[in-house]
>>> print(open('target-v4.cif').read())   # mmCIF, C-alpha atoms
data_run
#
loop_
_atom_site.label_atom_id
_atom_site.label_comp_id
_atom_site.auth_asym_id
_atom_site.auth_seq_id
_atom_site.Cartn_x
_atom_site.Cartn_y
_atom_site.Cartn_z
CA MET A 1475 0.36 -10.28 -51.08
CA SER A 1476 -0.59 -11.47 -47.65
CA LYS A 1477 -3.30 -9.79 -45.70
CA ARG A 1478 -2.29 -8.07 -42.47
CA PHE A 1479 -4.33 -8.82 -39.41
CA LEU A 1480 -5.63 -5.70 -37.75
CA PRO A 1481 -7.40 -6.27 -34.46
CA SER A 1482 -10.85 -4.82 -34.10
CA ARG A 1483 -11.49 -1.94 -31.77
CA SER A 1484 -13.30 -4.24 -29.34
CA ILE A 1485 -10.27 -6.54 -29.11
CA VAL A 1486 -7.97 -3.57 -28.51
CA ALA A 1487 -10.36 -2.20 -25.88
CA SER A 1488 -10.57 -5.61 -24.18
CA LEU A 1489 -6.79 -5.99 -24.11
CA THR A 1490 -6.37 -2.46 -22.76
CA PHE A 1491 -8.95 -3.13 -20.04
CA ALA A 1492 -7.31 -6.46 -19.09
CA GLY A 1493 -3.91 -4.74 -18.96
CA SER A 1494 -5.21 -2.01 -16.67
CA ILE A 1495 -6.67 -4.62 -14.31
CA LEU A 1496 -3.33 -6.44 -14.24
CA VAL A 1497 -1.42 -3.24 -13.50
CA SER A 1498 -3.82 -2.20 -10.75
CA SER A 1499 -3.73 -5.66 -9.14
CA LEU A 1500 0.07 -5.59 -9.20
CA ALA A 1501 -0.01 -2.20 -7.51
CA LEU A 1502 -2.23 -3.65 -4.77
CA ALA A 1503 0.18 -6.56 -4.28
CA GLN A 1504 3.12 -4.26 -3.58
CA ALA A 1505 4.71 -4.25 -0.18
CA PRO A 1506 3.11 -1.88 2.32
CA SER A 1507 4.84 1.43 2.91
CA ALA A 1508 6.71 2.25 6.11
CA ASP A 1509 3.87 4.64 6.98
CA ASP A 1510 1.33 1.82 6.64
CA ILE A 1511 3.43 -0.50 8.82
CA ASN A 1512 3.79 2.22 11.46
CA ALA A 1513 0.04 2.90 11.36
CA GLY A 1514 -0.63 -0.82 11.81
CA ALA A 1515 1.77 -0.89 14.78
CA ARG A 1516 -0.09 2.02 16.41
CA ILE A 1517 -3.44 0.27 15.93
CA PHE A 1518 -1.99 -3.00 17.31
CA ARG A 1519 -0.59 -1.25 20.41
CA GLN A 1520 -3.21 1.40 21.05
CA LYS A 1521 -6.65 1.27 19.44
CA GLY A 1522 -6.88 -2.53 19.14
CA ASN A 1523 -4.82 -3.01 22.32
CA CYS A 1524 -3.72 -6.35 20.84
CA GLN A 1525 -0.53 -6.40 22.90
CA THR A 1526 -2.57 -6.85 26.06
CA CYS A 1527 -3.20 -10.49 25.11
CA HIS A 1528 -0.61 -11.18 22.39
CA GLY A 1529 2.28 -9.32 24.08
CA TRP A 1530 4.20 -6.33 22.75
CA ALA A 1531 6.40 -8.71 20.74
CA GLY A 1532 3.41 -10.66 19.41
CA ASP A 1533 4.78 -13.78 21.10
CA GLY A 1534 1.77 -14.48 23.32
CA ARG A 1535 3.44 -13.12 26.47
CA LYS A 1536 0.53 -10.96 27.54
CA MET A 1537 0.96 -7.67 29.32
CA ASP A 1538 -1.96 -7.97 31.73
CA THR A 1539 -2.46 -11.09 33.83
CA GLN A 1540 -6.20 -10.41 33.90
CA MET A 1541 -6.47 -10.75 30.13
CA PRO A 1542 -6.83 -14.01 28.19
CA ASP A 1543 -3.79 -15.70 26.68
CA GLY A 1544 -3.32 -14.59 23.08
CA ALA A 1545 -1.80 -16.70 20.34
CA ASN A 1546 1.90 -16.47 19.57
CA LEU A 1547 1.63 -14.47 16.36
CA ARG A 1548 5.33 -14.97 15.64
CA GLU A 1549 4.53 -18.64 14.97
CA THR A 1550 1.15 -18.35 13.25
CA THR A 1551 0.69 -20.04 9.89
CA LEU A 1552 -2.38 -18.02 8.95
CA GLU A 1553 -2.42 -16.57 5.44
CA ARG A 1554 -3.12 -12.82 5.23
CA ASP A 1555 -6.82 -13.23 4.31
CA ASP A 1556 -7.35 -15.68 7.19
CA LEU A 1557 -5.56 -13.34 9.59
CA ILE A 1558 -7.80 -10.45 8.55
CA MET A 1559 -10.87 -12.69 8.94
CA THR A 1560 -9.72 -13.59 12.47
CA ILE A 1561 -9.26 -9.91 13.35
CA LYS A 1562 -12.62 -9.09 11.79
CA CYS A 1563 -14.64 -11.98 13.26
CA GLY A 1564 -12.65 -13.03 16.29
CA ARG A 1565 -12.85 -16.60 17.56
CA PRO A 1566 -16.13 -17.33 19.32
CA ASP A 1567 -15.62 -19.15 22.62
CA ASN A 1568 -11.84 -18.59 22.37
CA SER A 1569 -11.31 -15.07 23.81
CA MET A 1570 -10.32 -13.44 20.49
CA PRO A 1571 -12.71 -10.50 20.04
CA ALA A 1572 -14.36 -9.54 16.76
CA PHE A 1573 -13.13 -6.08 15.74
CA ASP A 1574 -15.82 -5.61 13.05
CA LYS A 1575 -18.75 -3.80 14.68
CA LEU A 1576 -21.21 -5.73 12.48
CA ALA A 1577 -19.39 -9.06 12.78
CA TYR A 1578 -22.28 -11.33 13.74
CA SER A 1579 -25.17 -9.18 12.58
CA ASP A 1580 -25.62 -10.60 9.09
CA GLY A 1581 -23.71 -13.86 8.71
CA ARG A 1582 -20.53 -12.24 7.35
CA CYS A 1583 -18.45 -14.10 9.93
CA TYR A 1584 -18.24 -17.84 9.44
CA GLY A 1585 -21.86 -17.75 8.22
CA MET A 1586 -23.04 -17.13 11.78
CA LYS A 1587 -25.21 -14.54 13.49
CA MET A 1588 -25.17 -13.68 17.18
CA ALA A 1589 -28.21 -15.90 17.70
CA ASP A 1590 -26.20 -18.85 16.35
CA ILE A 1591 -23.38 -18.17 18.80
CA GLN A 1592 -25.79 -17.91 21.71
CA LYS A 1593 -27.72 -21.02 20.62
CA ALA A 1594 -24.45 -22.98 20.55
CA GLY A 1595 -23.69 -21.77 24.09
CA MET A 1596 -20.58 -19.91 22.94
CA THR A 1597 -19.39 -16.52 24.10
CA LEU A 1598 -17.80 -13.67 22.20
CA THR A 1599 -15.31 -11.34 23.87
CA GLU A 1600 -15.94 -7.62 23.47
CA PRO A 1601 -13.16 -5.74 21.66
CA PRO A 1602 -11.61 -2.62 23.21
CA ALA A 1603 -12.60 -0.79 20.00
CA THR A 1604 -13.94 -1.62 16.57
CA LEU A 1605 -11.72 -1.31 13.53
CA SER A 1606 -12.44 -0.40 9.94
CA VAL A 1607 -11.49 -2.86 7.19
CA ARG A 1608 -8.52 -0.61 6.31
CA GLU A 1609 -7.34 -0.62 9.94
CA MET A 1610 -7.54 -4.43 10.02
CA GLU A 1611 -5.47 -4.56 6.84
CA LEU A 1612 -2.90 -2.19 8.36
CA VAL A 1613 -2.60 -4.43 11.43
CA ALA A 1614 -2.07 -7.43 9.14
CA ASP A 1615 0.57 -5.50 7.16
CA PHE A 1616 2.38 -4.63 10.40
CA LEU A 1617 2.22 -8.20 11.66
CA TYR A 1618 3.61 -9.64 8.43
CA ALA A 1619 6.35 -7.00 8.24
CA LYS A 1620 7.53 -7.21 11.85
CA ILE A 1621 6.07 -10.23 13.70
CA ILE A 1622 4.81 -13.21 11.69
CA GLY A 1623 7.52 -15.61 10.64
CA LYS A 1624 10.28 -13.56 12.29
CA GLY A 1625 11.19 -16.18 14.89
CA PRO A 1626 11.68 -15.60 18.61
CA MET A 1627 12.30 -12.05 19.77
CA ASP A 1628 15.90 -10.99 20.35
CA HIS A 1629 17.69 -7.68 20.91
CA ALA A 1630 18.14 -6.81 17.22
CA LYS A 1631 14.51 -7.68 16.35
CA CYS A 1632 13.32 -5.62 19.31
CA ILE A 1633 15.24 -2.56 18.11
CA GLU A 1634 13.87 -3.07 14.60
CA LEU A 1635 10.32 -3.42 15.96
CA PHE A 1636 10.48 -0.18 17.94
CA GLY A 1637 12.93 1.72 15.76
CA SER A 1638 15.32 2.29 18.68
CA ASP A 1639 16.80 0.58 21.73
CA VAL A 1640 13.82 1.11 24.04
CA ALA A 1641 13.59 -0.15 27.63
CA ALA A 1642 11.74 -3.32 26.55
CA CYS A 1643 14.78 -4.36 24.48
CA LYS A 1644 17.01 -4.41 27.56
CA GLU A 1645 15.67 -7.85 28.55
CA PHE A 1646 17.45 -9.34 25.52
CA PRO A 1647 21.24 -9.61 25.50
CA ASN A 1648 23.14 -7.81 22.74
#
>>> encode(input="target-v4.cif", output="structure tokens")
Amino acid sequence: MSKRFLPSRSIVASLTFAGSILVSSLALAQAPSADDINAGARIFRQKGNCQTCHGWAGDGRKMDTQMPDGANLRETTLERDDLIMTIKCGRPDNSMPAFDKLAYSDGRCYGMKMADIQKAGMTLTEPPATLSVREMELVADFLYAKIIGKGPMDHAKCIELFGSDVAACKEFPN
């Protein structure tokens, strides 16, 4: 008779633990919900006021001539983690504000502190508000769902962005 292999309790426990990590990481990798995308859109438009520099369509056509030119987010090649880092830390000496209230307090942003920015003669634009990590993630989710990689704005994309044929969509032919 052959012996049957029975795994030890520690092997079973390890496999169960590894499986639970895999399942939870897959859950985190799921597409954001419509509620999350809508929350990100609200933060983009209101609290972060991102549209002031990046335009309501995220195409860099700013809404206020007094504000700096924002990047065309429809054409960005940033990966999600890099996008969140840019929202969090801004771009010193490039008009993109840091939305993390502790951004340059402890080296969390590009390994720099405010003293390093000042010593290099760079400036950092003040954000209209600070955002939590979750809010930054929601903005990124919104941008990837509705803006990044979606090509130039047109009438159909405008309606999809706003959920209806709002006045802004009238500038694009049907």
>>> resolve_selection(input="target-v4.cif", expression="the PyMOL selection byres ((chain A and resi 1594-1601) around 6)", output="PyMOL selection string")
chain A and resi 1566-1567+1569+1571+1573+1591-1593+1602-1603
>>> write_last_selection(input="target-v4.cif", atoms="C-alpha atoms", output="mmCIF file, keeping the file's coordinate frame")
data_model
loop_
_atom_site.group_PDB
_atom_site.id
_atom_site.type_symbol
_atom_site.label_atom_id
_atom_site.label_comp_id
_atom_site.auth_asym_id
_atom_site.auth_seq_id
_atom_site.Cartn_x
_atom_site.Cartn_y
_atom_site.Cartn_z
ATOM 1 C CA PRO A 1566 -16.130 -17.330 19.320
ATOM 2 C CA ASP A 1567 -15.620 -19.150 22.620
ATOM 3 C CA SER A 1569 -11.310 -15.070 23.810
ATOM 4 C CA PRO A 1571 -12.710 -10.500 20.040
ATOM 5 C CA PHE A 1573 -13.130 -6.080 15.740
ATOM 6 C CA ILE A 1591 -23.380 -18.170 18.800
ATOM 7 C CA GLN A 1592 -25.790 -17.910 21.710
ATOM 8 C CA LYS A 1593 -27.720 -21.020 20.620
ATOM 9 C CA PRO A 1602 -11.610 -2.620 23.210
ATOM 10 C CA ALA A 1603 -12.600 -0.790 20.000
#
>>> residues_near_point(input="target-v4.cif", point="(13.5, -5.9, 26.3)", cutoff="12 Å", atoms="only C-alpha atoms", output="short mmCIF file (atom, residue, chain, number, x, y, z; two decimals) with C-alpha atoms, keeping the file's coordinate frame")
data_model
loop_
_atom_site.label_atom_id
_atom_site.label_comp_id
_atom_site.auth_asym_id
_atom_site.auth_seq_id
_atom_site.Cartn_x
_atom_site.Cartn_y
_atom_site.Cartn_z
CA GLY A 1529 2.28 -9.32 24.08
CA TRP A 1530 4.20 -6.33 22.75
CA ALA A 1531 6.40 -8.71 20.74
CA MET A 1627 12.30 -12.05 19.77
CA ASP A 1628 15.90 -10.99 20.35
CA HIS A 1629 17.69 -7.68 20.91
CA ALA A 1630 18.14 -6.81 17.22
CA LYS A 1631 14.51 -7.68 16.35
CA CYS A 1632 13.32 -5.62 19.31
CA ILE A 1633 15.24 -2.56 18.11
CA LEU A 1635 10.32 -3.42 15.96
CA PHE A 1636 10.48 -0.18 17.94
CA SER A 1638 15.32 2.29 18.68
CA ASP A 1639 16.80 0.58 21.73
CA VAL A 1640 13.82 1.11 24.04
CA ALA A 1641 13.59 -0.15 27.63
CA ALA A 1642 11.74 -3.32 26.55
CA CYS A 1643 14.78 -4.36 24.48
CA LYS A 1644 17.01 -4.41 27.56
CA GLU A 1645 15.67 -7.85 28.55
CA PHE A 1646 17.45 -9.34 25.52
CA PRO A 1647 21.24 -9.61 25.50
CA ASN A 1648 23.14 -7.81 22.74
#
>>> atom_distance(input="target-v4.cif", atom1="CA of Arg1548 (chain A)", atom2="CA of Ala1614 (chain A)")
12.4 Å
>>> residues_around(input="target-v4.cif", residues="Tyr1584 (chain A)", least_positions_apart="4", cutoff="12 Å", atoms="all atoms listed in the file", output="ChimeraX atom specification")
/A:1556,1559-1560,1562-1566,1572,1577-1580,1588,1590-1591
>>> atom_distance(input="target-v4.cif", atom1="CA of Gly1581 (chain A)", atom2="CA of Cys1524 (chain A)")
24.6 Å
>>> closest_residue(input="target-v4.cif", among="A:Pro1626, A:Arg1608, A:Gly1585, A:Ala1619", to="Arg1535 (chain A)", atoms="all atoms listed in the file")
A:Pro1626
>>> decode(input="target-v4.cif", residues="region 1539-1608 of chain A", atoms="C-alpha atoms", output="PDB file, in the first residue's frame")
ATOM      1  CA  THR A1539      -6.877  82.796 -17.768  1.00  0.00           C
ATOM      2  CA  GLN A1540      -5.215  83.830 -14.515  1.00  0.00           C
ATOM      3  CA  MET A1541      -4.376  80.231 -13.641  1.00  0.00           C
ATOM      4  CA  PRO A1542      -1.356  78.269 -14.875  1.00  0.00           C
ATOM      5  CA  ASP A1543      -1.630  75.970 -17.876  1.00  0.00           C
ATOM      6  CA  GLY A1544      -2.410  72.430 -16.744  1.00  0.00           C
ATOM      7  CA  ALA A1545      -1.329  69.289 -18.547  1.00  0.00           C
ATOM      8  CA  ASN A1546      -3.623  67.644 -21.070  1.00  0.00           C
ATOM      9  CA  LEU A1547      -4.708  64.706 -18.934  1.00  0.00           C
ATOM     10  CA  ARG A1548      -6.421  63.064 -21.902  1.00  0.00           C
ATOM     11  CA  GLU A1549      -2.946  62.419 -23.337  1.00  0.00           C
ATOM     12  CA  THR A1550      -0.987  61.610 -20.173  1.00  0.00           C
ATOM     13  CA  THR A1551       0.995  58.389 -20.070  1.00  0.00           C
ATOM     14  CA  LEU A1552       1.299  58.346 -16.287  1.00  0.00           C
ATOM     15  CA  GLU A1553       0.546  55.041 -14.582  1.00  0.00           C
ATOM     16  CA  ARG A1554      -2.010  55.207 -11.749  1.00  0.00           C
ATOM     17  CA  ASP A1555       0.610  55.213  -8.949  1.00  0.00           C
ATOM     18  CA  ASP A1556       2.568  58.001 -10.672  1.00  0.00           C
ATOM     19  CA  LEU A1557      -0.627  60.001 -11.187  1.00  0.00           C
ATOM     20  CA  ILE A1558      -1.496  59.695  -7.499  1.00  0.00           C
ATOM     21  CA  MET A1559       2.073  60.717  -6.580  1.00  0.00           C
ATOM     22  CA  THR A1560       1.725  63.800  -8.802  1.00  0.00           C
ATOM     23  CA  ILE A1561      -1.579  64.735  -7.157  1.00  0.00           C
ATOM     24  CA  LYS A1562      -0.081  64.100  -3.727  1.00  0.00           C
ATOM     25  CA  CYS A1563       3.269  65.864  -4.254  1.00  0.00           C
ATOM     26  CA  GLY A1564       2.604  68.257  -7.098  1.00  0.00           C
ATOM     27  CA  ARG A1565       5.432  69.345  -9.375  1.00  0.00           C
ATOM     28  CA  PRO A1566       7.770  71.817  -7.703  1.00  0.00           C
ATOM     29  CA  ASP A1567       8.559  74.791  -9.935  1.00  0.00           C
ATOM     30  CA  ASN A1568       5.906  73.640 -12.445  1.00  0.00           C
ATOM     31  CA  SER A1569       2.622  75.093 -11.067  1.00  0.00           C
ATOM     32  CA  MET A1570       1.094  71.714 -10.093  1.00  0.00           C
ATOM     33  CA  PRO A1571       0.209  72.026  -6.394  1.00  0.00           C
ATOM     34  CA  ALA A1572       0.775  69.311  -3.807  1.00  0.00           C
ATOM     35  CA  PHE A1573      -2.608  68.204  -2.437  1.00  0.00           C
ATOM     36  CA  ASP A1574      -1.103  66.290   0.524  1.00  0.00           C
ATOM     37  CA  LYS A1575      -0.988  68.689   3.477  1.00  0.00           C
ATOM     38  CA  LEU A1576       2.244  67.074   4.715  1.00  0.00           C
ATOM     39  CA  ALA A1577       3.802  66.739   1.251  1.00  0.00           C
ATOM     40  CA  TYR A1578       7.219  68.258   1.897  1.00  0.00           C
ATOM     41  CA  SER A1579       7.336  67.967   5.667  1.00  0.00           C
ATOM     42  CA  ASP A1580       9.123  64.627   5.956  1.00  0.00           C
ATOM     43  CA  GLY A1581      10.630  63.618   2.618  1.00  0.00           C
ATOM     44  CA  ARG A1582       7.602  61.598   1.460  1.00  0.00           C
ATOM     45  CA  CYS A1583       7.576  63.477  -1.835  1.00  0.00           C
ATOM     46  CA  TYR A1584      10.492  62.762  -4.121  1.00  0.00           C
ATOM     47  CA  GLY A1585      12.694  62.479  -1.011  1.00  0.00           C
ATOM     48  CA  MET A1586      12.511  66.251  -0.552  1.00  0.00           C
ATOM     49  CA  LYS A1587      11.545  68.581   2.266  1.00  0.00           C
ATOM     50  CA  MET A1588      10.429  72.179   1.910  1.00  0.00           C
ATOM     51  CA  ALA A1589      13.949  73.322   2.792  1.00  0.00           C
ATOM     52  CA  ASP A1590      15.267  71.362  -0.209  1.00  0.00           C
ATOM     53  CA  ILE A1591      12.784  73.074  -2.524  1.00  0.00           C
ATOM     54  CA  GLN A1592      13.689  76.496  -1.188  1.00  0.00           C
ATOM     55  CA  LYS A1593      17.435  75.752  -1.325  1.00  0.00           C
ATOM     56  CA  ALA A1594      17.072  74.778  -4.994  1.00  0.00           C
ATOM     57  CA  GLY A1595      15.271  78.074  -5.658  1.00  0.00           C
ATOM     58  CA  MET A1596      12.068  76.291  -6.667  1.00  0.00           C
ATOM     59  CA  THR A1597       8.532  77.296  -5.809  1.00  0.00           C
ATOM     60  CA  LEU A1598       5.517  75.217  -4.885  1.00  0.00           C
ATOM     61  CA  THR A1599       2.006  76.331  -5.787  1.00  0.00           C
ATOM     62  CA  GLU A1600      -0.549  76.299  -2.975  1.00  0.00           C
ATOM     63  CA  PRO A1601      -3.500  73.958  -3.567  1.00  0.00           C
ATOM     64  CA  PRO A1602      -7.076  75.234  -3.243  1.00  0.00           C
ATOM     65  CA  ALA A1603      -7.609  72.468  -0.651  1.00  0.00           C
ATOM     66  CA  THR A1604      -5.777  69.446   0.666  1.00  0.00           C
ATOM     67  CA  LEU A1605      -7.011  65.964  -0.154  1.00  0.00           C
ATOM     68  CA  SER A1606      -6.921  62.717   1.762  1.00  0.00           C
ATOM     69  CA  VAL A1607      -5.228  59.691   0.190  1.00  0.00           C
ATOM     70  CA  ARG A1608      -8.682  58.231  -0.533  1.00  0.00           C
TER      71      ARG A1608
END
